[in-house]
file final-v9.tsv (TSV, C-alpha atoms)
chain	number	residue	atom	x	y	z
K	1	ASP	CA	2.14	-6.28	-17.68
K	2	SER	CA	4.94	-8.03	-15.78
K	3	GLY	CA	2.97	-8.45	-12.56
K	4	VAL	CA	5.41	-6.26	-10.64
K	5	THR	CA	3.89	-3.06	-9.29
K	6	GLN	CA	5.63	0.11	-8.20
K	7	THR	CA	4.35	3.25	-6.57
K	8	PRO	CA	4.40	6.12	-7.06
K	9	LYS	CA	4.83	6.47	-10.81
K	10	HIS	CA	6.21	9.96	-10.54
K	11	LEU	CA	7.79	11.84	-7.67
K	12	ILE	CA	8.99	15.44	-7.57
K	13	THR	CA	10.86	16.62	-4.52
K	14	ALA	CA	13.55	19.03	-3.38
K	15	THR	CA	17.20	18.55	-2.54
K	16	GLY	CA	17.80	17.38	1.00
K	17	GLN	CA	14.47	15.60	1.24
K	18	ARG	CA	13.73	11.92	1.84
K	19	VAL	CA	11.45	9.69	-0.23
K	20	THR	CA	10.26	6.09	-0.14
K	21	LEU	CA	9.61	4.01	-3.23
K	22	ARG	CA	7.48	0.92	-2.97
K	23	CYS	CA	7.48	-2.33	-4.92
K	24	SER	CA	5.29	-5.43	-4.88
K	25	PRO	CA	6.80	-8.47	-6.61
K	26	ARG	CA	5.01	-10.93	-8.87
K	27	SER	CA	2.93	-13.48	-7.04
K	28	GLY	CA	5.19	-16.30	-5.84
K	29	ASP	CA	8.49	-14.48	-6.40
K	30	LEU	CA	10.78	-14.31	-3.39
K	31	SER	CA	13.53	-12.06	-4.78
K	32	VAL	CA	13.31	-8.33	-5.27
K	33	TYR	CA	15.92	-6.19	-6.99
K	34	TRP	CA	16.31	-2.41	-7.20
K	35	TYR	CA	17.93	-0.59	-10.13
K	36	GLN	CA	18.66	3.03	-10.96
K	37	GLN	CA	18.62	4.27	-14.55
K	38	SER	CA	19.74	7.79	-15.33
K	39	LEU	CA	20.14	9.40	-18.75
K	40	ASP	CA	23.92	9.25	-18.78
K	41	GLN	CA	24.20	5.78	-17.28
K	42	GLY	CA	22.66	2.44	-18.01
K	43	LEU	CA	20.77	0.30	-15.59
K	44	GLN	CA	22.73	0.17	-12.35
K	45	PHE	CA	22.04	-2.60	-9.88
K	46	LEU	CA	21.52	-1.27	-6.36
K	47	ILE	CA	20.49	-4.09	-4.07
K	48	GLN	CA	18.70	-7.45	-3.91
K	49	TYR	CA	16.56	-9.06	-1.22
K	50	TYR	CA	15.53	-12.68	-1.02
K	51	ASN	CA	12.71	-13.71	1.29
K	52	GLY	CA	13.31	-10.76	3.59
K	53	GLU	CA	17.11	-10.93	3.72
K	54	GLU	CA	19.66	-8.85	1.84
K	55	ARG	CA	21.37	-11.12	-0.67
K	56	ALA	CA	23.47	-8.91	-2.94
K	57	LYS	CA	24.60	-5.33	-2.99
K	58	GLY	CA	25.67	-3.21	-5.91
K	59	ASN	CA	26.56	0.44	-6.25
K	60	ILE	CA	24.15	1.67	-3.62
K	61	LEU	CA	24.97	4.92	-1.86
K	62	GLU	CA	25.01	5.07	1.93
K	63	ARG	CA	22.16	7.62	1.71
K	64	PHE	CA	20.01	4.88	0.19
K	65	SER	CA	18.59	1.90	2.04
K	66	ALA	CA	16.06	-0.81	1.35
K	67	GLN	CA	14.17	-3.56	3.05
K	68	GLN	CA	11.85	-6.41	2.21
K	69	PHE	CA	8.89	-7.06	4.45
K	70	PRO	CA	7.29	-10.37	5.52
K	71	ASP	CA	4.63	-9.99	2.81
K	72	LEU	CA	7.58	-9.71	0.35
K	73	HIS	CA	6.94	-6.17	-0.76
K	74	SER	CA	10.00	-3.95	-0.70
K	75	GLU	CA	10.75	-0.31	-0.08
K	76	LEU	CA	13.70	1.76	-1.25
K	77	ASN	CA	14.46	4.78	0.91
K	78	LEU	CA	16.42	7.67	-0.56
K	79	SER	CA	17.56	10.40	1.82
K	80	SER	CA	19.46	13.70	1.66
K	81	LEU	CA	18.48	13.83	-1.98
K	82	GLU	CA	20.75	15.50	-4.50
K	83	LEU	CA	20.07	16.71	-8.02
K	84	GLY	CA	22.04	13.76	-9.37
K	85	ASP	CA	19.62	11.31	-7.80
K	86	SER	CA	17.04	12.24	-10.44
K	87	ALA	CA	16.48	9.02	-12.35
K	88	LEU	CA	14.14	6.16	-13.11
K	89	TYR	CA	14.11	3.63	-10.31
K	90	PHE	CA	13.06	0.12	-11.28
K	91	CYS	CA	12.15	-2.78	-9.13
K	92	ALA	CA	12.34	-6.31	-10.51
K	93	SER	CA	11.39	-9.66	-9.08
K	94	SER	CA	12.32	-13.26	-9.73
K	95	ASP	CA	11.52	-16.66	-8.29
K	96	GLY	CA	15.00	-16.64	-6.73
K	97	ARG	CA	14.92	-20.18	-5.36
K	98	ALA	CA	17.88	-22.55	-5.68
K	99	SER	CA	19.55	-21.80	-8.98
K	100	GLY	CA	17.96	-23.79	-11.73
K	101	GLY	CA	18.47	-21.47	-14.59
K	102	HIS	CA	16.01	-19.53	-16.62
K	103	SER	CA	12.76	-19.89	-14.76
K	104	GLN	CA	14.29	-19.16	-11.37
K	105	GLU	CA	16.60	-16.35	-12.38
K	106	THR	CA	14.70	-14.31	-14.97
K	107	GLN	CA	13.92	-10.90	-13.59
K	108	TYR	CA	10.65	-9.17	-14.40
K	109	PHE	CA	10.64	-5.42	-14.13
K	110	GLY	CA	8.02	-3.10	-12.76
K	111	PRO	CA	7.00	0.10	-14.58
K	112	GLY	CA	9.42	2.22	-12.56
K	113	THR	CA	9.24	5.37	-10.46
K	114	ARG	CA	10.46	8.53	-12.13
K	115	LEU	CA	12.13	10.71	-9.49
K	116	LEU	CA	12.88	14.35	-10.14
K	117	VAL	CA	14.90	16.25	-7.55
K	118	LEU	CA	14.70	20.01	-7.90
R	1	GLY	CA	34.87	-6.02	-12.29
R	2	GLN	CA	32.32	-6.18	-15.03
R	3	ASN	CA	32.86	-4.97	-18.57
R	4	ILE	CA	30.00	-5.45	-21.02
R	5	ASP	CA	30.22	-3.88	-24.45
R	6	GLN	CA	27.60	-3.46	-27.14
R	7	PRO	CA	27.25	-0.98	-30.00
R	8	THR	CA	25.52	2.26	-29.15
R	9	GLU	CA	23.22	2.49	-32.15
R	10	MET	CA	22.06	0.48	-35.16
R	11	THR	CA	19.65	1.33	-37.94
R	12	ALA	CA	17.85	-1.13	-40.20
R	13	THR	CA	14.96	-1.28	-42.62
R	14	GLU	CA	11.57	-2.81	-41.92
R	15	GLY	CA	11.59	-6.50	-42.85
R	16	ALA	CA	15.37	-6.79	-42.60
R	17	ILE	CA	17.57	-8.64	-40.10
R	18	VAL	CA	19.77	-7.01	-37.48
R	19	GLN	CA	22.41	-8.63	-35.28
R	20	ILE	CA	23.40	-6.94	-32.02
R	21	ASN	CA	26.72	-8.11	-30.61
R	22	CYS	CA	27.68	-8.16	-26.97
R	23	THR	CA	31.09	-8.95	-25.54
R	24	TYR	CA	31.71	-9.35	-21.85
R	25	GLN	CA	34.55	-9.69	-19.39
R	26	THR	CA	33.15	-10.44	-15.99
R	27	SER	CA	34.43	-11.89	-12.74
R	28	GLY	CA	31.95	-14.75	-13.00
R	29	PHE	CA	29.21	-16.03	-15.25
R	30	ASN	CA	25.93	-17.81	-14.56
R	31	GLY	CA	24.02	-16.81	-17.67
R	32	LEU	CA	23.36	-14.05	-20.17
R	33	PHE	CA	20.08	-12.24	-20.66
R	34	TRP	CA	18.75	-9.96	-23.38
R	35	TYR	CA	16.10	-7.38	-22.56
R	36	GLN	CA	14.17	-4.94	-24.73
R	37	GLN	CA	13.41	-1.47	-23.41
R	38	HIS	CA	11.25	1.15	-25.08
R	39	ALA	CA	12.00	4.73	-24.05
R	40	GLY	CA	10.70	5.50	-20.58
R	41	GLU	CA	9.35	2.00	-20.08
R	42	ALA	CA	10.44	-1.07	-18.15
R	43	PRO	CA	12.87	-3.59	-19.64
R	44	THR	CA	11.10	-6.71	-20.84
R	45	PHE	CA	12.70	-10.15	-20.97
R	46	LEU	CA	13.63	-11.49	-24.40
R	47	SER	CA	16.03	-14.39	-23.99
R	48	TYR	CA	18.38	-16.28	-21.71
R	49	ASN	CA	21.49	-18.31	-22.57
R	50	VAL	CA	23.52	-20.30	-20.10
R	51	LEU	CA	25.03	-22.91	-22.43
R	52	ASP	CA	26.87	-22.30	-25.70
R	53	GLY	CA	24.73	-22.22	-28.79
R	54	LEU	CA	21.67	-20.69	-30.31
R	55	GLU	CA	18.30	-20.20	-28.63
R	56	GLU	CA	15.46	-19.40	-31.01
R	57	LYS	CA	12.24	-17.75	-29.98
R	58	GLY	CA	10.05	-16.63	-32.86
R	59	ARG	CA	11.60	-13.65	-34.64
R	60	PHE	CA	14.30	-13.32	-31.97
R	61	SER	CA	17.32	-15.60	-31.51
R	62	SER	CA	20.24	-15.34	-29.14
R	63	PHE	CA	23.65	-16.97	-29.34
R	64	LEU	CA	26.29	-17.51	-26.70
R	65	SER	CA	29.96	-18.49	-26.75
R	66	ARG	CA	31.27	-18.63	-23.21
R	67	SER	CA	34.87	-19.28	-24.23
R	68	LYS	CA	34.86	-16.09	-26.32
R	69	GLY	CA	32.81	-13.99	-23.88
R	70	TYR	CA	30.45	-13.23	-26.74
R	71	SER	CA	26.75	-13.18	-27.42
R	72	TYR	CA	24.49	-11.80	-30.10
R	73	LEU	CA	20.81	-11.09	-30.45
R	74	LEU	CA	19.33	-11.60	-33.89
R	75	LEU	CA	16.14	-9.81	-34.81
R	76	LYS	CA	14.46	-11.06	-37.98
R	77	GLU	CA	11.64	-9.61	-40.09
R	78	LEU	CA	12.04	-6.28	-38.37
R	79	GLN	CA	8.89	-4.34	-37.55
R	80	MET	CA	8.53	-0.68	-36.63
R	81	LYS	CA	7.61	-1.67	-33.09
R	82	ASP	CA	11.06	-3.26	-32.71
R	83	SER	CA	12.57	0.23	-32.50
R	84	ALA	CA	13.89	0.18	-28.93
R	85	SER	CA	16.98	-0.23	-26.81
R	86	TYR	CA	18.33	-3.78	-26.44
R	87	LEU	CA	20.21	-4.56	-23.26
R	88	CYS	CA	22.72	-7.34	-22.80
R	89	ALA	CA	23.10	-8.44	-19.17
R	90	VAL	CA	25.37	-10.95	-17.46
R	91	PHE	CA	24.04	-12.80	-14.43
R	92	ASN	CA	26.50	-13.72	-11.72
R	93	ASP	CA	26.40	-14.03	-7.96
R	94	TYR	CA	22.72	-13.06	-7.81
R	95	LYS	CA	23.35	-9.84	-9.74
R	96	LEU	CA	22.53	-8.70	-13.25
R	97	SER	CA	25.15	-6.42	-14.78
R	98	PHE	CA	23.83	-4.54	-17.80
R	99	GLY	CA	25.57	-3.18	-20.84
R	100	ALA	CA	24.75	0.38	-21.85
R	101	GLY	CA	22.26	-0.84	-24.44
R	102	THR	CA	21.99	-0.69	-28.23
R	103	THR	CA	19.38	1.64	-29.67
R	104	VAL	CA	17.85	0.06	-32.76
R	105	THR	CA	15.94	2.30	-35.16
R	106	VAL	CA	13.75	0.61	-37.75
R	107	ARG	CA	13.04	2.69	-40.86
R	108	ALA	CA	10.12	2.17	-43.20

call {"tool": "encode", "arguments": {"input": "final-v9.tsv", "output": "structure tokens"}}
result
Amino acid sequence: DSGVTQTPKHLITATGQRVTLRCSPRSGDLSVYWYQQSLDQGLQFLIQYYNGEERAKGNILERFSAQQFPDLHSELNLSSLELGDSALYFCASSDGRASGGHSQETQYFGPGTRLLVL
Amino acid sequence: GQNIDQPTEMTATEGAIVQINCTYQTSGFNGLFWYQQHAGEAPTFLSYNVLDGLEEKGRFSSFLSRSKGYSYLLLKELQMKDSASYLCAVFNDYKLSFGAGTTVTVRA
């Protein structure tokens, strides 16, 4: 158990719909990361937040958005869903404070949310 | 851009040693991570290298050569539970860029 929690575990929805995935980081971690993993692609970095502010952005579609709240939990919003959005969505957290190597930068992954768009 | 290459699949026998190579060409480098991922589960942290050389951690060791853009993960005394995907990831500019992963199958 990494200490990172994600809800829901599974989500089935229809094309065109909107869903929200939730993540709570490990106690004390300030950084939250979101990743998408589909069968034909590896882990793709979407976006990172540090202490409530967006810090890095990857290949995140405009239909997707995220935020990190004052209590440090994060939500990933996926809208106008398409069949191709079906994937495992992972959240990870890290200490994230001033770079000091391993202990600050190691990311710990939550169990993921499996999204199926029908 | 980021280009991280690792073999797609490897097979080895229980008790043997397997070495998974990873080569990378990235726009920057702040460290290299190895993660293990069982099918349908979350990646779990195995090792981290930021300086050249070998880091040993029980049955797992990881090596880095920054000048060659090369790393390997060495798994010793293979066990059936080591059957999984092994992901090489380069950390730079607050982002982790992952390779496609190497699926290791351990046979009895």

call {"tool": "interface_residues", "arguments": {"input": "final-v9.tsv", "of": "chain R", "to": "chain K", "cutoff": "10 Å", "atoms": "only C-alpha atoms", "output": "VMD selection string"}}
result
chain R and resid 30 to 33 35 40 to 50 87 89 91 93 to 101

call {"tool": "closest_residue", "arguments": {"input": "final-v9.tsv", "among": "R:Val90, R:Gln25, R:Leu54, R:Ser83", "to": "R:Ser67", "atoms": "only C-alpha atoms"}}
result
R:Gln25

call {"tool": "atom_distance", "arguments": {"input": "final-v9.tsv", "atom1": "atom CA of R:Phe63", "atom2": "atom CA of K:Gln37"}}
result
26.4 Å

call {"tool": "residues_around", "arguments": {"input": "final-v9.tsv", "residues": "stretch 66-73 of chain K", "least_positions_apart": "2", "cutoff": "7 Å", "atoms": "only C-alpha atoms", "output": "NGL selection string"}}
result
:K and (23-25 or 30 or 49 or 51-52 or 75-77)

call {"tool": "write_last_selection", "arguments": {"input": "final-v9.tsv", "atoms": "C-alpha atoms", "output": "JSON list (two decimals), in the frame of the given file"}}
result
[["chain", "number", "residue", "atom", "x", "y", "z"],
["K", 23, "CYS", "CA", 7.48, -2.33, -4.92],
["K", 24, "SER", "CA", 5.29, -5.43, -4.88],
["K", 25, "PRO", "CA", 6.80, -8.47, -6.61],
["K", 30, "LEU", "CA", 10.78, -14.31, -3.39],
["K", 49, "TYR", "CA", 16.56, -9.06, -1.22],
["K", 51, "ASN", "CA", 12.71, -13.71, 1.29],
["K", 52, "GLY", "CA", 13.31, -10.76, 3.59],
["K", 75, "GLU", "CA", 10.75, -0.31, -0.08],
["K", 76, "LEU", "CA", 13.70, 1.76, -1.25],
["K", 77, "ASN", "CA", 14.46, 4.78, 0.91]]

call {"tool": "atom_distance", "arguments": {"input": "final-v9.tsv", "atom1": "atom CA of K:Thr20", "atom2": "atom CA of K:Thr113"}}
result
10.4 Å

call {"tool": "axis_aligned_box", "arguments": {"input": "final-v9.tsv", "around": "stretch 52-57 of chain K", "padding_each_side": "8 Å", "output": "AutoDock Vina command-line options"}}
result
--center_x 19.0 --center_y -8.2 --center_z 0.4 --size_x 27.3 --size_y 21.8 --size_z 22.7

call {"tool": "closest_residue", "arguments": {"input": "final-v9.tsv", "among": "K:Glu53, K:Ser93, K:Ser65, K:Glu82", "to": "K:Leu115", "atoms": "all atoms listed in the file"}}
result
K:Glu82

call {"tool": "closest_residue", "arguments": {"input": "final-v9.tsv", "among": "R:Lys57, R:Gln79, R:Leu64, R:Ser85", "to": "R:Gly15", "atoms": "only C-alpha atoms"}}
result
R:Gln79

call {"tool": "closest_residue", "arguments": {"input": "final-v9.tsv", "among": "K:Arg22, K:Gln17, K:Asn59, K:Ser94", "to": "K:Gly3", "atoms": "all atoms listed in the file"}}
result
K:Ser94

call {"tool": "atom_distance", "arguments": {"input": "final-v9.tsv", "atom1": "atom CA of R:Ala84", "atom2": "atom CA of R:Ala39"}}
result
6.9 Å

call {"tool": "closest_residue", "arguments": {"input": "final-v9.tsv", "among": "K:Asp85, K:Arg97, K:Arg18, K:Gln6", "to": "K:Leu61", "atoms": "all atoms listed in the file"}}
result
K:Asp85

call {"tool": "residues_around", "arguments": {"input": "final-v9.tsv", "residues": "R:Gly58", "least_positions_apart": "4", "cutoff": "12 Å", "atoms": "all atoms listed in the file", "output": "list in words"}}
result
Leu46, Ser47, Ser62, Leu74, Leu75, Lys76, Glu77 and Leu78 of chain R

call {"tool": "residues_near_point", "arguments": {"input": "final-v9.tsv", "point": "(21.2, 11.3, -7.8)", "cutoff": "10 Å", "atoms": "only C-alpha atoms", "output": "tab-separated table (two decimals) with C-alpha atoms, in the frame of the given file"}}
result
chain	number	residue	atom	x	y	z
K	15	THR	CA	17.20	18.55	-2.54
K	36	GLN	CA	18.66	3.03	-10.96
K	38	SER	CA	19.74	7.79	-15.33
K	61	LEU	CA	24.97	4.92	-1.86
K	78	LEU	CA	16.42	7.67	-0.56
K	80	SER	CA	19.46	13.70	1.66
K	81	LEU	CA	18.48	13.83	-1.98
K	82	GLU	CA	20.75	15.50	-4.50
K	83	LEU	CA	20.07	16.71	-8.02
K	84	GLY	CA	22.04	13.76	-9.37
K	85	ASP	CA	19.62	11.31	-7.80
K	86	SER	CA	17.04	12.24	-10.44
K	87	ALA	CA	16.48	9.02	-12.35
K	115	LEU	CA	12.13	10.71	-9.49
K	116	LEU	CA	12.88	14.35	-10.14
K	117	VAL	CA	14.90	16.25	-7.55

call {"tool": "closest_residue", "arguments": {"input": "final-v9.tsv", "among": "K:Glu62, K:Asp29, K:Ser79, K:Leu39", "to": "K:Val4", "atoms": "only C-alpha atoms"}}
result
K:Asp29

call {"tool": "decode", "arguments": {"input": "final-v9.tsv", "residues": "stretch 63-91 of chain R", "atoms": "N, CA and C atoms", "output": "mmCIF file, in the first residue's frame"}}
result
data_model
loop_
_atom_site.group_PDB
_atom_site.id
_atom_site.type_symbol
_atom_site.label_atom_id
_atom_site.label_comp_id
_atom_site.auth_asym_id
_atom_site.auth_seq_id
_atom_site.Cartn_x
_atom_site.Cartn_y
_atom_site.Cartn_z
ATOM 1 N N PHE R 63 22.022 0.295 -12.643
ATOM 2 C CA PHE R 63 23.262 0.946 -13.079
ATOM 3 C C PHE R 63 22.927 2.109 -13.984
ATOM 4 N N LEU R 64 23.740 3.145 -13.914
ATOM 5 C CA LEU R 64 23.538 4.311 -14.773
ATOM 6 C C LEU R 64 24.866 4.791 -15.349
ATOM 7 N N SER R 65 24.829 5.119 -16.658
ATOM 8 C CA SER R 65 25.924 5.836 -17.303
ATOM 9 C C SER R 65 25.303 7.035 -18.010
ATOM 10 N N ARG R 66 25.481 8.199 -17.451
ATOM 11 C CA ARG R 66 24.866 9.391 -18.030
ATOM 12 C C ARG R 66 25.495 9.763 -19.374
ATOM 13 N N SER R 67 26.794 9.564 -19.508
ATOM 14 C CA SER R 67 27.454 9.933 -20.760
ATOM 15 C C SER R 67 26.963 9.072 -21.921
ATOM 16 N N LYS R 68 26.557 7.833 -21.621
ATOM 17 C CA LYS R 68 26.075 6.925 -22.660
ATOM 18 C C LYS R 68 24.548 6.921 -22.760
ATOM 19 N N GLY R 69 23.868 7.610 -21.881
ATOM 20 C CA GLY R 69 22.402 7.583 -21.897
ATOM 21 C C GLY R 69 21.892 6.170 -21.716
ATOM 22 N N TYR R 70 22.419 5.487 -20.714
ATOM 23 C CA TYR R 70 22.181 4.048 -20.580
ATOM 24 C C TYR R 70 22.001 3.669 -19.116
ATOM 25 N N SER R 71 21.058 2.772 -18.897
ATOM 26 C CA SER R 71 20.843 2.215 -17.578
ATOM 27 C C SER R 71 20.461 0.750 -17.722
ATOM 28 N N TYR R 72 20.687 -0.011 -16.681
ATOM 29 C CA TYR R 72 20.119 -1.361 -16.662
ATOM 30 C C TYR R 72 19.615 -1.686 -15.267
ATOM 31 N N LEU R 73 18.661 -2.581 -15.250
ATOM 32 C CA LEU R 73 18.128 -3.142 -14.006
ATOM 33 C C LEU R 73 18.487 -4.618 -13.985
ATOM 34 N N LEU R 74 19.125 -5.035 -12.907
ATOM 35 C CA LEU R 74 19.553 -6.425 -12.778
ATOM 36 C C LEU R 74 18.698 -7.105 -11.709
ATOM 37 N N LEU R 75 18.064 -8.181 -12.109
ATOM 38 C CA LEU R 75 17.243 -8.940 -11.162
ATOM 39 C C LEU R 75 17.938 -10.279 -10.918
ATOM 40 N N LYS R 76 18.283 -10.544 -9.665
ATOM 41 C CA LYS R 76 18.992 -11.777 -9.341
ATOM 42 C C LYS R 76 18.053 -12.752 -8.644
ATOM 43 N N GLU R 77 18.457 -14.028 -8.659
ATOM 44 C CA GLU R 77 17.693 -15.071 -7.948
ATOM 45 C C GLU R 77 16.202 -14.932 -8.246
ATOM 46 N N LEU R 78 15.892 -14.958 -9.524
ATOM 47 C CA LEU R 78 14.527 -14.693 -9.964
ATOM 48 C C LEU R 78 13.515 -15.606 -9.276
ATOM 49 N N GLN R 79 12.384 -15.004 -8.924
ATOM 50 C CA GLN R 79 11.278 -15.737 -8.322
ATOM 51 C C GLN R 79 10.057 -15.578 -9.229
ATOM 52 N N MET R 80 9.109 -16.477 -9.093
ATOM 53 C CA MET R 80 7.916 -16.425 -9.942
ATOM 54 C C MET R 80 7.203 -15.088 -9.792
ATOM 55 N N LYS R 81 7.225 -14.542 -8.584
ATOM 56 C CA LYS R 81 6.519 -13.286 -8.341
ATOM 57 C C LYS R 81 7.178 -12.089 -9.050
ATOM 58 N N ASP R 82 8.391 -12.306 -9.588
ATOM 59 C CA ASP R 82 9.050 -11.227 -10.320
ATOM 60 C C ASP R 82 8.497 -11.082 -11.742
ATOM 61 N N SER R 83 7.642 -11.990 -12.157
ATOM 62 C CA SER R 83 6.989 -11.853 -13.468
ATOM 63 C C SER R 83 6.130 -10.589 -13.442
ATOM 64 N N ALA R 84 6.514 -9.623 -14.277
ATOM 65 C CA ALA R 84 5.863 -8.304 -14.252
ATOM 66 C C ALA R 84 6.438 -7.465 -15.385
ATOM 67 N N SER R 85 5.930 -6.257 -15.502
ATOM 68 C CA SER R 85 6.504 -5.295 -16.432
ATOM 69 C C SER R 85 7.444 -4.378 -15.657
ATOM 70 N N TYR R 86 8.595 -4.067 -16.240
ATOM 71 C CA TYR R 86 9.580 -3.206 -15.592
ATOM 72 C C TYR R 86 9.724 -1.935 -16.431
ATOM 73 N N LEU R 87 9.498 -0.819 -15.787
ATOM 74 C CA LEU R 87 9.436 0.459 -16.473
ATOM 75 C C LEU R 87 10.645 1.309 -16.130
ATOM 76 N N CYS R 88 11.317 1.780 -17.159
ATOM 77 C CA CYS R 88 12.416 2.722 -17.018
ATOM 78 C C CYS R 88 11.816 4.122 -17.192
ATOM 79 N N ALA R 89 12.209 5.067 -16.349
ATOM 80 C CA ALA R 89 11.625 6.406 -16.433
ATOM 81 C C ALA R 89 12.686 7.454 -16.151
ATOM 82 N N VAL R 90 12.728 8.474 -17.000
ATOM 83 C CA VAL R 90 13.674 9.575 -16.825
ATOM 84 C C VAL R 90 12.955 10.753 -16.183
ATOM 85 N N PHE R 91 13.555 11.305 -15.156
ATOM 86 C CA PHE R 91 12.985 12.450 -14.453
ATOM 87 C C PHE R 91 13.684 13.720 -14.914
#
